[in-house]
Amino acid sequence: MAYVGVVGPSSADERELREAEALGRGLAQRGHVVVCGGLGGVMEAVSRGAAGVGGVVLGLLPGTDRADANPYVSVAVPTGLGELRNGLLVRSSDVVVSVGGSWGTLSEVALAVRTGVPVIGVAGWTLTTTDGQKVDDGPRAVTSAGAALALLDEWLPR
């Protein structure tokens with residue numbers, strides 16, 4: 001069992017929401033714990049997918065009220081840290097899957113890359129250096145939740 005952090009925008013589009021829900025379902029079916037920010041958008045979609053098949057979802061909330069968690073979170077932890085909780089999410093995850101992109105999502109991807117936590121990006125950021133070179137040691141980009149799950153199956157124990 002692995003703890004898989006799933007990050008993504010709270011204002012997600014329909015594709016991102018579909019991919020996140022499928023990812024959550026697949027992670028839970030494989031026995032992994034989903035770790036997320038516990039709120040809406042991608043966080044709620046991945047939580048819904050995992051909870052729908054009996055999975056465990058750990059929601060690390062930015063505020064101080066457990067009631068702020070989306071209804072699919074199994075364990076809500078109100079950190080009171082605001083966006084600084086992104087560091088807790090990354091550090092508590094064996095791997096991070098980024099679905100879509102927003103500035104908050106990019107900060108989580110950067111923290112993961114910086115601290116050596118493997119990252120898989122689904123339909124999100126393409127990272128380049130200041131001179132336009134693609135970052136080879138950053139996130140591994142895939143095109144769908146299914147491809148992310150296949151890659152995770154290679155990396156993580158069942």
# chains A, B, ... in the order shown; residues from 1 in each chain; ligands from 1

$ closest_atom_pairs --of "range 8-52 of chain A" --to "range 105-119 of chain A" --cutoff "12 Å" --atoms "only C-alpha atoms" --output "CSV"
residue,atom,partner,partner_atom,distance
A:Gly8,CA,A:Thr105,CA,5.2
A:Pro9,CA,A:Thr105,CA,6.3
A:Ser10,CA,A:Thr105,CA,9.4
A:Ser11,CA,A:Thr105,CA,11.3
A:Ala12,CA,A:Thr105,CA,11.3
A:Cys36,CA,A:Glu108,CA,10.9
A:Gly37,CA,A:Thr105,CA,10.5
A:Gly41,CA,A:Thr105,CA,11.9
A:Val42,CA,A:Thr105,CA,10.3
A:Met43,CA,A:Thr105,CA,11.0

$ select_by_dssp --residues "chain A" --states "strand (DSSP E or B)" --output "ChimeraX atom specification"
/A:3-7,33-36,57-61,75-78,95-99,119-122,128,134,140-142

$ atom_distance --atom1 "CA of Arg66 in chain A" --atom2 "CA of Ser47 in chain A"
15.3 Å

$ residues_around --residues "Ala20 in chain A" --least-positions-apart "2" --cutoff "8 Å" --atoms "only C-alpha atoms" --output "PyMOL selection string"
chain A and resi 16-18+22-24+42-43+45-46+49+99+145

$ write_last_selection --atoms "N, CA and C atoms" --output "PDB file, in the first residue's frame"
ATOM      1  N   GLU A  16     -10.459  17.275 -16.530  1.00  0.00           N
ATOM      2  CA  GLU A  16      -9.666  17.096 -15.318  1.00  0.00           C
ATOM      3  C   GLU A  16     -10.475  16.371 -14.237  1.00  0.00           C
ATOM      4  N   LEU A  17     -11.742  16.726 -14.116  1.00  0.00           N
ATOM      5  CA  LEU A  17     -12.596  16.075 -13.121  1.00  0.00           C
ATOM      6  C   LEU A  17     -12.800  14.591 -13.440  1.00  0.00           C
ATOM      7  N   ARG A  18     -13.022  14.276 -14.709  1.00  0.00           N
ATOM      8  CA  ARG A  18     -13.184  12.864 -15.121  1.00  0.00           C
ATOM      9  C   ARG A  18     -11.910  12.075 -14.841  1.00  0.00           C
ATOM     10  N   ALA A  22     -11.468   8.954 -12.113  1.00  0.00           N
ATOM     11  CA  ALA A  22     -10.975   7.649 -12.557  1.00  0.00           C
ATOM     12  C   ALA A  22      -9.690   7.278 -11.824  1.00  0.00           C
ATOM     13  N   LEU A  23      -8.841   8.246 -11.612  1.00  0.00           N
ATOM     14  CA  LEU A  23      -7.600   8.010 -10.880  1.00  0.00           C
ATOM     15  C   LEU A  23      -7.893   7.579  -9.443  1.00  0.00           C
ATOM     16  N   GLY A  24      -8.783   8.284  -8.772  1.00  0.00           N
ATOM     17  CA  GLY A  24      -9.144   7.931  -7.400  1.00  0.00           C
ATOM     18  C   GLY A  24      -9.702   6.523  -7.309  1.00  0.00           C
ATOM     19  N   VAL A  42     -10.482  19.051  -8.453  1.00  0.00           N
ATOM     20  CA  VAL A  42      -9.759  17.790  -8.595  1.00  0.00           C
ATOM     21  C   VAL A  42      -9.744  17.034  -7.274  1.00  0.00           C
ATOM     22  N   MET A  43      -9.606  17.751  -6.169  1.00  0.00           N
ATOM     23  CA  MET A  43      -9.557  17.100  -4.852  1.00  0.00           C
ATOM     24  C   MET A  43     -10.855  16.347  -4.566  1.00  0.00           C
ATOM     25  N   ALA A  45     -13.072  15.339  -6.855  1.00  0.00           N
ATOM     26  CA  ALA A  45     -13.269  14.282  -7.853  1.00  0.00           C
ATOM     27  C   ALA A  45     -12.446  13.042  -7.516  1.00  0.00           C
ATOM     28  N   VAL A  46     -11.180  13.207  -7.132  1.00  0.00           N
ATOM     29  CA  VAL A  46     -10.355  12.047  -6.777  1.00  0.00           C
ATOM     30  C   VAL A  46     -10.903  11.386  -5.519  1.00  0.00           C
ATOM     31  N   GLY A  49     -14.025   9.348  -6.484  1.00  0.00           N
ATOM     32  CA  GLY A  49     -13.640   8.099  -7.144  1.00  0.00           C
ATOM     33  C   GLY A  49     -13.153   7.052  -6.158  1.00  0.00           C
ATOM     34  N   VAL A  99      -3.050  16.408 -11.609  1.00  0.00           N
ATOM     35  CA  VAL A  99      -4.088  16.361 -12.647  1.00  0.00           C
ATOM     36  C   VAL A  99      -4.448  17.798 -12.997  1.00  0.00           C
ATOM     37  N   ALA A 145      -5.598   9.246 -16.831  1.00  0.00           N
ATOM     38  CA  ALA A 145      -5.545   8.584 -15.527  1.00  0.00           C
ATOM     39  C   ALA A 145      -5.150   7.119 -15.696  1.00  0.00           C
TER      40      ALA A 145
END

$ atom_distance --atom1 "CA of Ala28 in chain A" --atom2 "CA of Ala51 in chain A"
7.7 Å

$ select_by_dssp --residues "range 82-127 of chain A" --states "helix (DSSP H, G or I)" --output "MDAnalysis selection string"
chainID A and resid 82:91 103:115

$ closest_residue --among "A:Leu27, A:Val34, A:Ala123, A:Val53" --to "Ser98 in chain A" --atoms "only C-alpha atoms"
A:Ala123

$ atom_distance --atom1 "CA of Val95 in chain A" --atom2 "CA of Val35 in chain A"
10.0 Å

$ decode --residues "range 59-84 of chain A" --atoms "N, CA and C atoms" --output "short mmCIF file (atom, residue, chain, number, x, y, z; two decimals), in the first residue's frame"
data_model
loop_
_atom_site.label_atom_id
_atom_site.label_comp_id
_atom_site.auth_asym_id
_atom_site.auth_seq_id
_atom_site.Cartn_x
_atom_site.Cartn_y
_atom_site.Cartn_z
N GLY A 59 -7.62 13.91 3.71
CA GLY A 59 -7.72 15.30 3.26
C GLY A 59 -6.98 16.22 4.20
N LEU A 60 -5.93 16.87 3.70
CA LEU A 60 -5.16 17.83 4.49
C LEU A 60 -5.69 19.23 4.18
N LEU A 61 -6.53 19.72 5.06
CA LEU A 61 -7.28 20.97 4.82
C LEU A 61 -6.43 22.20 5.14
N PRO A 62 -6.62 23.27 4.38
CA PRO A 62 -5.86 24.49 4.64
C PRO A 62 -6.33 25.24 5.89
N GLY A 63 -7.59 25.10 6.22
CA GLY A 63 -8.17 25.84 7.34
C GLY A 63 -8.20 25.05 8.63
N THR A 64 -9.04 25.52 9.54
CA THR A 64 -9.10 24.93 10.88
C THR A 64 -10.40 24.18 11.15
N ASP A 65 -11.26 24.07 10.14
CA ASP A 65 -12.57 23.44 10.35
C ASP A 65 -12.68 22.14 9.54
N ARG A 66 -12.81 21.04 10.24
CA ARG A 66 -12.96 19.72 9.61
C ARG A 66 -14.17 19.68 8.67
N ALA A 67 -15.18 20.46 8.99
CA ALA A 67 -16.40 20.47 8.19
C ALA A 67 -16.19 21.04 6.79
N ASP A 68 -15.07 21.67 6.53
CA ASP A 68 -14.78 22.20 5.19
C ASP A 68 -14.43 21.11 4.18
N ALA A 69 -14.14 19.91 4.65
CA ALA A 69 -13.74 18.82 3.76
C ALA A 69 -14.89 18.45 2.83
N ASN A 70 -14.53 18.01 1.63
CA ASN A 70 -15.58 17.52 0.73
C ASN A 70 -16.17 16.25 1.34
N PRO A 71 -17.39 15.87 0.93
CA PRO A 71 -18.09 14.77 1.61
C PRO A 71 -17.48 13.39 1.39
N TYR A 72 -16.46 13.27 0.53
CA TYR A 72 -15.88 11.97 0.22
C TYR A 72 -14.58 11.70 0.98
N VAL A 73 -14.12 12.66 1.76
CA VAL A 73 -12.88 12.51 2.54
C VAL A 73 -13.16 11.57 3.72
N SER A 74 -12.30 10.58 3.91
CA SER A 74 -12.43 9.63 5.03
C SER A 74 -11.88 10.22 6.31
N VAL A 75 -10.70 10.82 6.22
CA VAL A 75 -10.02 11.40 7.37
C VAL A 75 -9.66 12.84 7.02
N ALA A 76 -10.27 13.79 7.70
CA ALA A 76 -10.02 15.21 7.45
C ALA A 76 -9.10 15.76 8.54
N VAL A 77 -8.00 16.37 8.11
CA VAL A 77 -7.05 16.96 9.05
C VAL A 77 -7.00 18.47 8.80
N PRO A 78 -7.60 19.25 9.68
CA PRO A 78 -7.56 20.71 9.53
C PRO A 78 -6.20 21.23 10.01
N THR A 79 -5.36 21.66 9.08
CA THR A 79 -3.98 22.05 9.42
C THR A 79 -3.87 23.49 9.91
N GLY A 80 -4.77 24.38 9.44
CA GLY A 80 -4.64 25.79 9.77
C GLY A 80 -3.44 26.45 9.10
N LEU A 81 -2.88 25.81 8.09
CA LEU A 81 -1.65 26.29 7.45
C LEU A 81 -1.87 26.98 6.11
N GLY A 82 -3.11 27.06 5.65
CA GLY A 82 -3.33 27.65 4.33
C GLY A 82 -2.60 26.84 3.27
N GLU A 83 -2.04 27.54 2.29
CA GLU A 83 -1.36 26.83 1.20
C GLU A 83 -0.06 26.16 1.64
N LEU A 84 0.44 26.48 2.82
CA LEU A 84 1.64 25.81 3.32
C LEU A 84 1.38 24.32 3.56
#
